[in-house]
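To be precise, the following lines are model-v2.cif, and they hold mmCIF, N, CA and C atoms.
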data_start
#
loop_
_atom_site.label_atom_id
_atom_site.label_comp_id
_atom_site.auth_asym_id
_atom_site.auth_seq_id
_atom_site.Cartn_x
_atom_site.Cartn_y
_atom_site.Cartn_z
N MET A 5 -86.36 -129.51 -177.42
CA MET A 5 -87.08 -128.90 -176.35
C MET A 5 -87.28 -127.42 -176.62
N THR A 6 -88.45 -126.94 -176.32
CA THR A 6 -88.75 -125.52 -176.48
C THR A 6 -88.28 -124.76 -175.24
N PRO A 7 -87.49 -123.71 -175.43
CA PRO A 7 -87.02 -122.96 -174.26
C PRO A 7 -88.18 -122.26 -173.55
N ILE A 8 -88.05 -122.15 -172.26
CA ILE A 8 -89.06 -121.44 -171.45
C ILE A 8 -88.80 -119.94 -171.63
N PRO A 9 -89.84 -119.17 -171.95
CA PRO A 9 -89.63 -117.73 -172.13
C PRO A 9 -89.19 -117.07 -170.83
N ALA A 10 -88.34 -116.08 -170.97
CA ALA A 10 -87.85 -115.34 -169.81
C ALA A 10 -88.99 -114.53 -169.19
N ARG A 11 -88.98 -114.44 -167.86
CA ARG A 11 -89.97 -113.65 -167.14
C ARG A 11 -89.23 -112.52 -166.43
N GLN A 12 -89.88 -111.40 -166.35
CA GLN A 12 -89.28 -110.27 -165.68
C GLN A 12 -89.91 -110.10 -164.30
N ALA A 13 -89.10 -109.70 -163.37
CA ALA A 13 -89.57 -109.39 -162.03
C ALA A 13 -89.07 -108.00 -161.67
N HIS A 14 -89.88 -107.27 -160.98
CA HIS A 14 -89.51 -105.91 -160.58
C HIS A 14 -89.59 -105.79 -159.08
N LEU A 15 -88.53 -105.28 -158.49
CA LEU A 15 -88.49 -105.06 -157.06
C LEU A 15 -89.27 -103.79 -156.75
N GLN A 16 -90.34 -103.94 -155.98
CA GLN A 16 -91.15 -102.78 -155.60
C GLN A 16 -90.67 -102.15 -154.30
N GLY A 17 -89.98 -102.91 -153.49
CA GLY A 17 -89.52 -102.40 -152.21
C GLY A 17 -89.28 -103.55 -151.25
N TRP A 18 -89.26 -103.22 -149.97
CA TRP A 18 -88.98 -104.20 -148.93
C TRP A 18 -90.06 -104.14 -147.87
N HIS A 19 -90.42 -105.31 -147.34
CA HIS A 19 -91.34 -105.37 -146.22
C HIS A 19 -90.51 -105.59 -144.96
N GLN A 20 -90.58 -104.64 -144.04
CA GLN A 20 -89.83 -104.72 -142.79
C GLN A 20 -90.71 -105.40 -141.74
N LEU A 21 -90.21 -106.46 -141.13
CA LEU A 21 -90.95 -107.15 -140.08
C LEU A 21 -90.87 -106.34 -138.78
N LYS A 22 -91.76 -106.67 -137.84
CA LYS A 22 -91.73 -106.02 -136.53
C LYS A 22 -90.39 -106.31 -135.87
N GLU A 23 -89.80 -105.29 -135.26
CA GLU A 23 -88.52 -105.46 -134.59
C GLU A 23 -88.64 -106.47 -133.46
N ASN A 24 -87.66 -107.34 -133.38
CA ASN A 24 -87.50 -108.28 -132.26
C ASN A 24 -88.69 -109.20 -132.05
N ASP A 25 -89.39 -109.55 -133.13
CA ASP A 25 -90.58 -110.39 -133.01
C ASP A 25 -90.31 -111.79 -133.56
N HIS A 26 -89.99 -112.71 -132.66
CA HIS A 26 -89.65 -114.09 -133.03
C HIS A 26 -90.74 -114.74 -133.87
N ASP A 27 -92.00 -114.62 -133.45
CA ASP A 27 -93.10 -115.25 -134.17
C ASP A 27 -93.27 -114.69 -135.58
N ASP A 28 -93.08 -113.38 -135.74
CA ASP A 28 -93.18 -112.75 -137.06
C ASP A 28 -92.08 -113.28 -137.98
N VAL A 29 -90.87 -113.43 -137.46
CA VAL A 29 -89.75 -113.95 -138.25
C VAL A 29 -90.02 -115.39 -138.67
N ILE A 30 -90.44 -116.24 -137.74
CA ILE A 30 -90.74 -117.64 -138.06
C ILE A 30 -91.84 -117.73 -139.12
N HIS A 31 -92.91 -116.95 -138.94
CA HIS A 31 -94.04 -116.98 -139.88
C HIS A 31 -93.60 -116.55 -141.28
N ALA A 32 -92.87 -115.44 -141.37
CA ALA A 32 -92.41 -114.95 -142.68
C ALA A 32 -91.45 -115.93 -143.34
N LEU A 33 -90.56 -116.50 -142.57
CA LEU A 33 -89.60 -117.45 -143.12
C LEU A 33 -90.32 -118.68 -143.67
N ALA A 34 -91.36 -119.14 -142.97
CA ALA A 34 -92.09 -120.33 -143.39
C ALA A 34 -93.05 -120.07 -144.55
N THR A 35 -93.57 -118.85 -144.66
CA THR A 35 -94.59 -118.58 -145.68
C THR A 35 -94.11 -117.76 -146.86
N VAL A 36 -93.09 -116.93 -146.66
CA VAL A 36 -92.60 -116.06 -147.74
C VAL A 36 -91.31 -116.60 -148.32
N GLY A 37 -90.41 -117.02 -147.46
CA GLY A 37 -89.12 -117.52 -147.91
C GLY A 37 -87.98 -116.82 -147.21
N PRO A 38 -86.78 -116.91 -147.75
CA PRO A 38 -85.61 -116.32 -147.09
C PRO A 38 -85.79 -114.85 -146.76
N LEU A 39 -85.16 -114.45 -145.65
CA LEU A 39 -85.22 -113.07 -145.17
C LEU A 39 -83.82 -112.48 -145.12
N VAL A 40 -83.74 -111.17 -145.20
CA VAL A 40 -82.49 -110.46 -144.93
C VAL A 40 -82.56 -110.04 -143.47
N VAL A 41 -81.52 -110.37 -142.71
CA VAL A 41 -81.49 -110.02 -141.29
C VAL A 41 -80.15 -109.36 -140.96
N GLY A 42 -80.20 -108.50 -139.96
CA GLY A 42 -78.98 -107.89 -139.44
C GLY A 42 -78.52 -108.68 -138.23
N VAL A 43 -77.21 -108.82 -138.08
CA VAL A 43 -76.65 -109.57 -136.97
C VAL A 43 -75.38 -108.89 -136.45
N ALA A 44 -75.04 -109.21 -135.21
CA ALA A 44 -73.76 -108.81 -134.64
C ALA A 44 -72.79 -109.94 -134.96
N ALA A 45 -71.96 -109.73 -135.96
CA ALA A 45 -71.11 -110.80 -136.48
C ALA A 45 -69.66 -110.71 -136.02
N GLY A 46 -69.38 -109.88 -135.04
CA GLY A 46 -68.00 -109.69 -134.60
C GLY A 46 -67.30 -110.96 -134.15
N ALA A 47 -68.02 -111.91 -133.60
CA ALA A 47 -67.42 -113.16 -133.11
C ALA A 47 -67.51 -114.30 -134.12
N TRP A 48 -67.95 -114.03 -135.32
CA TRP A 48 -68.20 -115.10 -136.29
C TRP A 48 -66.98 -115.54 -137.09
N PHE A 49 -65.91 -114.79 -137.07
CA PHE A 49 -64.79 -115.06 -137.97
C PHE A 49 -64.18 -116.44 -137.75
N THR A 50 -64.22 -116.96 -136.54
CA THR A 50 -63.61 -118.26 -136.26
C THR A 50 -64.60 -119.42 -136.37
N TYR A 51 -65.85 -119.14 -136.73
CA TYR A 51 -66.86 -120.20 -136.82
C TYR A 51 -66.49 -121.17 -137.94
N SER A 52 -66.49 -122.47 -137.61
CA SER A 52 -66.18 -123.47 -138.62
C SER A 52 -67.22 -124.58 -138.69
N GLY A 53 -68.20 -124.58 -137.78
CA GLY A 53 -69.25 -125.58 -137.84
C GLY A 53 -69.94 -125.74 -136.50
N GLY A 54 -71.07 -126.44 -136.53
CA GLY A 54 -71.84 -126.67 -135.32
C GLY A 54 -72.88 -125.60 -135.11
N VAL A 55 -73.54 -125.63 -133.97
CA VAL A 55 -74.53 -124.62 -133.60
C VAL A 55 -73.83 -123.56 -132.78
N PHE A 56 -73.77 -122.34 -133.32
CA PHE A 56 -73.03 -121.23 -132.71
C PHE A 56 -73.88 -120.52 -131.68
N GLY A 57 -73.32 -120.32 -130.49
CA GLY A 57 -73.99 -119.57 -129.43
C GLY A 57 -73.07 -118.54 -128.81
N GLY A 58 -72.16 -117.98 -129.60
CA GLY A 58 -71.14 -117.09 -129.08
C GLY A 58 -71.59 -115.70 -128.68
N CYS A 59 -72.84 -115.36 -128.91
CA CYS A 59 -73.34 -114.04 -128.50
C CYS A 59 -74.21 -114.13 -127.25
N THR A 60 -74.44 -115.33 -126.76
CA THR A 60 -75.30 -115.54 -125.60
C THR A 60 -74.81 -114.75 -124.39
N ASP A 61 -75.75 -114.17 -123.70
CA ASP A 61 -75.48 -113.46 -122.44
C ASP A 61 -74.59 -112.24 -122.58
N GLN A 62 -74.49 -111.67 -123.78
CA GLN A 62 -73.76 -110.41 -123.92
C GLN A 62 -74.75 -109.27 -123.72
N SER A 63 -74.42 -108.37 -122.83
CA SER A 63 -75.35 -107.26 -122.55
C SER A 63 -75.31 -106.21 -123.65
N GLU A 64 -74.22 -106.17 -124.43
CA GLU A 64 -74.12 -105.22 -125.54
C GLU A 64 -73.68 -105.95 -126.80
N LEU A 65 -74.32 -105.62 -127.90
CA LEU A 65 -73.98 -106.16 -129.21
C LEU A 65 -73.97 -105.02 -130.21
N THR A 66 -73.22 -105.16 -131.28
CA THR A 66 -73.27 -104.20 -132.37
C THR A 66 -73.73 -104.93 -133.62
N VAL A 67 -74.97 -104.65 -134.03
CA VAL A 67 -75.50 -105.25 -135.25
C VAL A 67 -74.84 -104.53 -136.42
N ASN A 68 -73.98 -105.28 -137.16
CA ASN A 68 -73.12 -104.64 -138.14
C ASN A 68 -72.96 -105.43 -139.44
N HIS A 69 -73.81 -106.43 -139.65
CA HIS A 69 -73.62 -107.30 -140.81
C HIS A 69 -74.98 -107.81 -141.28
N ALA A 70 -75.18 -107.90 -142.58
CA ALA A 70 -76.43 -108.43 -143.14
C ALA A 70 -76.17 -109.81 -143.72
N VAL A 71 -77.09 -110.74 -143.43
CA VAL A 71 -77.01 -112.10 -143.94
C VAL A 71 -78.39 -112.54 -144.40
N GLN A 72 -78.44 -113.70 -145.03
CA GLN A 72 -79.72 -114.25 -145.47
C GLN A 72 -80.13 -115.37 -144.51
N LEU A 73 -81.28 -115.21 -143.89
CA LEU A 73 -81.86 -116.24 -143.04
C LEU A 73 -82.67 -117.17 -143.93
N VAL A 74 -82.22 -118.42 -144.06
CA VAL A 74 -82.83 -119.33 -145.03
C VAL A 74 -83.66 -120.45 -144.41
N GLY A 75 -83.56 -120.66 -143.12
CA GLY A 75 -84.33 -121.74 -142.51
C GLY A 75 -84.08 -121.86 -141.03
N TYR A 76 -84.63 -122.93 -140.47
CA TYR A 76 -84.43 -123.23 -139.06
C TYR A 76 -84.61 -124.72 -138.86
N GLY A 77 -84.09 -125.23 -137.76
CA GLY A 77 -84.18 -126.67 -137.51
C GLY A 77 -83.79 -126.98 -136.09
N THR A 78 -83.59 -128.27 -135.82
CA THR A 78 -83.19 -128.72 -134.49
C THR A 78 -82.07 -129.73 -134.63
N ASP A 79 -80.99 -129.50 -133.92
CA ASP A 79 -79.87 -130.41 -133.84
C ASP A 79 -80.12 -131.32 -132.63
N PRO A 80 -80.02 -132.65 -132.80
CA PRO A 80 -80.35 -133.53 -131.68
C PRO A 80 -79.48 -133.33 -130.44
N GLU A 81 -78.27 -132.85 -130.63
CA GLU A 81 -77.37 -132.65 -129.50
C GLU A 81 -77.38 -131.21 -128.97
N HIS A 82 -77.50 -130.21 -129.88
CA HIS A 82 -77.33 -128.82 -129.49
C HIS A 82 -78.61 -127.99 -129.53
N GLY A 83 -79.72 -128.56 -129.91
CA GLY A 83 -81.00 -127.87 -129.85
C GLY A 83 -81.34 -127.09 -131.11
N ASP A 84 -82.28 -126.15 -130.92
CA ASP A 84 -82.82 -125.38 -132.04
C ASP A 84 -81.80 -124.40 -132.61
N TYR A 85 -81.92 -124.16 -133.93
CA TYR A 85 -81.00 -123.23 -134.58
C TYR A 85 -81.69 -122.53 -135.75
N TRP A 86 -81.12 -121.38 -136.13
CA TRP A 86 -81.45 -120.68 -137.38
C TRP A 86 -80.41 -121.12 -138.40
N LYS A 87 -80.79 -121.25 -139.65
CA LYS A 87 -79.82 -121.54 -140.71
C LYS A 87 -79.60 -120.26 -141.50
N ILE A 88 -78.35 -119.86 -141.57
CA ILE A 88 -77.97 -118.58 -142.17
C ILE A 88 -77.01 -118.82 -143.33
N ARG A 89 -77.21 -118.08 -144.40
CA ARG A 89 -76.26 -118.06 -145.51
C ARG A 89 -75.48 -116.76 -145.41
N ASN A 90 -74.18 -116.89 -145.30
CA ASN A 90 -73.32 -115.72 -145.18
C ASN A 90 -72.68 -115.42 -146.53
N TRP A 91 -72.10 -114.26 -146.65
CA TRP A 91 -71.50 -113.81 -147.92
C TRP A 91 -69.98 -113.97 -147.93
N TRP A 92 -69.42 -114.68 -146.95
CA TRP A 92 -67.98 -114.79 -146.83
C TRP A 92 -67.38 -115.95 -147.61
N GLY A 93 -68.15 -116.61 -148.43
CA GLY A 93 -67.64 -117.67 -149.29
C GLY A 93 -67.82 -119.06 -148.70
N SER A 94 -67.66 -120.06 -149.55
CA SER A 94 -67.92 -121.45 -149.14
C SER A 94 -66.84 -122.01 -148.23
N ASP A 95 -65.70 -121.34 -148.10
CA ASP A 95 -64.66 -121.80 -147.18
C ASP A 95 -64.99 -121.48 -145.73
N TRP A 96 -65.94 -120.59 -145.51
CA TRP A 96 -66.31 -120.18 -144.15
C TRP A 96 -67.46 -121.06 -143.64
N GLY A 97 -67.44 -121.39 -142.36
CA GLY A 97 -68.55 -122.11 -141.73
C GLY A 97 -68.78 -123.47 -142.32
N GLU A 98 -70.04 -123.80 -142.51
CA GLU A 98 -70.44 -125.08 -143.09
C GLU A 98 -70.81 -124.84 -144.55
N ASP A 99 -69.78 -124.77 -145.39
CA ASP A 99 -69.94 -124.51 -146.83
C ASP A 99 -70.64 -123.17 -147.08
N GLY A 100 -70.27 -122.15 -146.30
CA GLY A 100 -70.83 -120.81 -146.45
C GLY A 100 -72.07 -120.56 -145.61
N TYR A 101 -72.50 -121.55 -144.85
CA TYR A 101 -73.68 -121.44 -144.01
C TYR A 101 -73.29 -121.53 -142.53
N MET A 102 -74.22 -121.12 -141.68
CA MET A 102 -74.03 -121.18 -140.24
C MET A 102 -75.33 -121.65 -139.59
N ARG A 103 -75.18 -122.41 -138.53
CA ARG A 103 -76.32 -122.72 -137.67
C ARG A 103 -76.15 -121.89 -136.40
N LEU A 104 -77.06 -120.96 -136.21
CA LEU A 104 -77.02 -120.01 -135.09
C LEU A 104 -78.08 -120.40 -134.07
N ARG A 105 -77.69 -120.49 -132.82
CA ARG A 105 -78.62 -120.94 -131.78
C ARG A 105 -79.92 -120.16 -131.81
N ARG A 106 -81.03 -120.89 -131.69
CA ARG A 106 -82.38 -120.31 -131.65
C ARG A 106 -83.02 -120.79 -130.37
N SER A 107 -83.07 -119.91 -129.39
CA SER A 107 -83.64 -120.26 -128.10
C SER A 107 -84.61 -119.15 -127.69
N ALA A 108 -85.11 -119.25 -126.48
CA ALA A 108 -85.99 -118.19 -126.00
C ALA A 108 -85.25 -116.86 -126.16
N PRO A 109 -85.87 -115.91 -126.87
CA PRO A 109 -85.15 -114.68 -127.19
C PRO A 109 -84.73 -113.89 -125.94
N THR A 110 -83.44 -113.63 -125.87
CA THR A 110 -82.91 -112.70 -124.88
C THR A 110 -82.55 -111.43 -125.63
N CYS A 111 -82.47 -110.34 -124.90
CA CYS A 111 -82.21 -109.05 -125.55
C CYS A 111 -80.94 -108.41 -125.01
N SER A 112 -80.33 -107.61 -125.83
CA SER A 112 -79.13 -106.85 -125.50
C SER A 112 -79.32 -105.43 -126.02
N VAL A 113 -78.34 -104.59 -125.74
CA VAL A 113 -78.36 -103.21 -126.21
C VAL A 113 -77.32 -103.06 -127.31
N ASP A 114 -77.73 -102.41 -128.40
CA ASP A 114 -76.79 -102.01 -129.45
C ASP A 114 -76.59 -100.51 -129.26
N SER A 115 -75.46 -100.14 -128.69
CA SER A 115 -75.20 -98.72 -128.41
C SER A 115 -74.53 -98.00 -129.59
N MET A 116 -74.39 -98.71 -130.71
CA MET A 116 -73.82 -98.11 -131.92
C MET A 116 -74.67 -98.48 -133.14
N PRO A 117 -75.96 -98.15 -133.15
CA PRO A 117 -76.82 -98.58 -134.27
C PRO A 117 -76.38 -98.05 -135.63
N LYS A 118 -75.65 -96.94 -135.67
CA LYS A 118 -75.19 -96.41 -136.96
C LYS A 118 -74.14 -97.30 -137.61
N GLU A 119 -73.55 -98.24 -136.85
CA GLU A 119 -72.59 -99.19 -137.43
C GLU A 119 -73.29 -100.18 -138.35
N GLY A 120 -74.61 -100.31 -138.20
CA GLY A 120 -75.36 -101.28 -139.00
C GLY A 120 -76.53 -100.63 -139.70
N PHE A 121 -77.68 -100.61 -139.06
CA PHE A 121 -78.91 -100.19 -139.71
C PHE A 121 -79.43 -98.84 -139.23
N GLY A 122 -78.71 -98.19 -138.34
CA GLY A 122 -79.15 -96.90 -137.82
C GLY A 122 -78.98 -95.78 -138.82
N CYS A 123 -79.65 -94.68 -138.57
CA CYS A 123 -79.61 -93.51 -139.46
C CYS A 123 -79.13 -92.29 -138.69
N ASP A 124 -78.71 -91.28 -139.45
CA ASP A 124 -78.40 -90.00 -138.82
C ASP A 124 -79.63 -89.52 -138.07
N ASN A 125 -79.42 -88.92 -136.94
CA ASN A 125 -80.49 -88.41 -136.08
C ASN A 125 -81.40 -89.51 -135.54
N GLY A 126 -80.96 -90.76 -135.62
CA GLY A 126 -81.71 -91.87 -135.05
C GLY A 126 -81.40 -92.01 -133.57
N PRO A 127 -81.98 -93.00 -132.92
CA PRO A 127 -81.73 -93.18 -131.48
C PRO A 127 -80.27 -93.56 -131.22
N PRO A 128 -79.73 -93.14 -130.07
CA PRO A 128 -78.34 -93.45 -129.76
C PRO A 128 -78.11 -94.92 -129.40
N SER A 129 -79.18 -95.63 -129.06
CA SER A 129 -79.07 -97.06 -128.78
C SER A 129 -80.42 -97.72 -129.08
N VAL A 130 -80.38 -99.02 -129.34
CA VAL A 130 -81.60 -99.79 -129.61
C VAL A 130 -81.49 -101.12 -128.89
N THR A 131 -82.64 -101.73 -128.62
CA THR A 131 -82.68 -103.07 -128.04
C THR A 131 -82.73 -104.07 -129.18
N VAL A 132 -81.84 -105.06 -129.13
CA VAL A 132 -81.78 -106.11 -130.15
C VAL A 132 -81.96 -107.46 -129.46
N CYS A 133 -82.80 -108.30 -130.03
CA CYS A 133 -83.11 -109.58 -129.40
C CYS A 133 -82.73 -110.75 -130.29
N GLY A 134 -82.63 -111.92 -129.67
CA GLY A 134 -82.23 -113.13 -130.36
C GLY A 134 -80.72 -113.27 -130.36
N GLU A 135 -80.26 -114.47 -130.61
CA GLU A 135 -78.81 -114.72 -130.66
C GLU A 135 -78.16 -113.78 -131.67
N CYS A 136 -77.17 -113.04 -131.24
CA CYS A 136 -76.43 -112.09 -132.07
C CYS A 136 -77.34 -111.00 -132.65
N GLY A 137 -78.48 -110.74 -131.99
CA GLY A 137 -79.39 -109.68 -132.42
C GLY A 137 -80.19 -110.00 -133.66
N ILE A 138 -80.32 -111.27 -134.02
CA ILE A 138 -80.92 -111.69 -135.29
C ILE A 138 -82.37 -111.25 -135.46
N LEU A 139 -83.10 -111.00 -134.39
CA LEU A 139 -84.52 -110.66 -134.50
C LEU A 139 -84.78 -109.17 -134.67
N TYR A 140 -83.75 -108.34 -134.54
CA TYR A 140 -83.97 -106.89 -134.56
C TYR A 140 -84.45 -106.36 -135.90
N SER A 141 -83.75 -106.70 -136.96
CA SER A 141 -84.07 -106.14 -138.27
C SER A 141 -84.16 -107.25 -139.30
N ALA A 142 -85.38 -107.60 -139.69
CA ALA A 142 -85.62 -108.64 -140.69
C ALA A 142 -86.54 -108.10 -141.76
N SER A 143 -86.28 -108.44 -143.01
CA SER A 143 -87.12 -107.96 -144.10
C SER A 143 -87.07 -108.93 -145.27
N TYR A 144 -87.99 -108.73 -146.20
CA TYR A 144 -87.98 -109.52 -147.43
C TYR A 144 -88.41 -108.61 -148.59
N PRO A 145 -87.97 -108.94 -149.81
CA PRO A 145 -88.29 -108.10 -150.96
C PRO A 145 -89.74 -108.26 -151.38
N ILE A 146 -90.33 -107.18 -151.86
CA ILE A 146 -91.66 -107.21 -152.46
C ILE A 146 -91.42 -107.16 -153.97
N ILE A 147 -91.80 -108.23 -154.64
CA ILE A 147 -91.51 -108.38 -156.07
C ILE A 147 -92.81 -108.42 -156.84
N GLN A 148 -92.83 -107.68 -157.94
CA GLN A 148 -94.01 -107.66 -158.81
C GLN A 148 -93.75 -108.50 -160.03
#
What would the structure in this file look like if it were written as structure tokens?
Amino acid sequence: MTPIPARQAHLQGWHQLKENDHDDVIHALATVGPLVVGVAAGAWFTYSGGVFGGCTDQSELTVNHAVQLVGYGTDPEHGDYWKIRNWWGSDWGEDGYMRLRRSAPTCSVDSMPKEGFGCDNGPPSVTVCGECGILYSASYPIIQ
């Protein structure tokens, strides 16, 4: 067999999706591929399986962790979910993945944006929407 020649790819930058825009996230995930998203992961340490809804109805969240959003689906018993790949290893969650509840987006306040994606001299608080703030900051690489 003849080996396939190596191809080079160059990262040109990142495309940032509109903040808190459910439709933009769904469209990009379906047409571009996996996304990098910020989430409030403080309650995730004990997750071992199922559709997680542990951030629901929290008025304040701290988006402090980046994960890869790889898909979405529907569980016949627990409803719609996002499929997330986490970096905590295959012993965590469902073989390193999580199903995070995907419902009508509710919003919370992140009063500590510098803990995650905020910058010096940025706003003291931001509105984050979706379960665990998943819709606030989503992006994908631009590759040449």
Explicit residue set for the PyMOL selection byres ((chain A and resi 115) around 6.5), as JSON, numbers by chain: {"A": [64, 65, 66, 113, 114, 116, 117, 118, 128, 129, 130]}
Length of the CA of Ser143 in chain A to CA of His19 in chain A vector [Å]: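 Atom-to-atom, CA of Ser143 in chain A to CA of His19 in chain A, that is 5.4 Å.
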Spatial neighbours of range 69-81 of chain A, 6.5 Å, all atoms listed in the file, chain gap at least 2 places, as a list in words: Gly37, Pro38, Leu39, Val40, Val41, Gly42, Val43, Ala44, Ala45, Thr66, Val67, Gly83, Asp84, Tyr85, Trp86, Lys87, Ile88, Arg89, Asn90, Trp91, Glu119 and Gly120 of chain A
Computed interatomic separation between atom C of Trp18 in chain A and atom C of Tyr144 in chain A (Å):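 Taking atom C of Trp18 in chain A and atom C of Tyr144 in chain A, their separation equals 4.8 Å.
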Between CA of Gly57 in chain A and atom C of Tyr101 in chain A - distance in Å to one decimal: 13.3 Å
Proximity to Val55 in chain A - best of A:Leu21, A:Ala10, A:Leu104, A:Ile30, only C-alpha atoms: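 Of all the options, A:Leu104 lies closest to Val55 in chain A.
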Output check: residues returned by the PyMOL selection byres ((chain A and resi 110) around 6), as a ChimeraX atom specification: /A:107-109,111-112,132-135
All alpha helix (DSSP H) residues (DSSP, backbone) inside range 32-122 of chain A, as a PyMOL selection string: chain A and resi 32-35
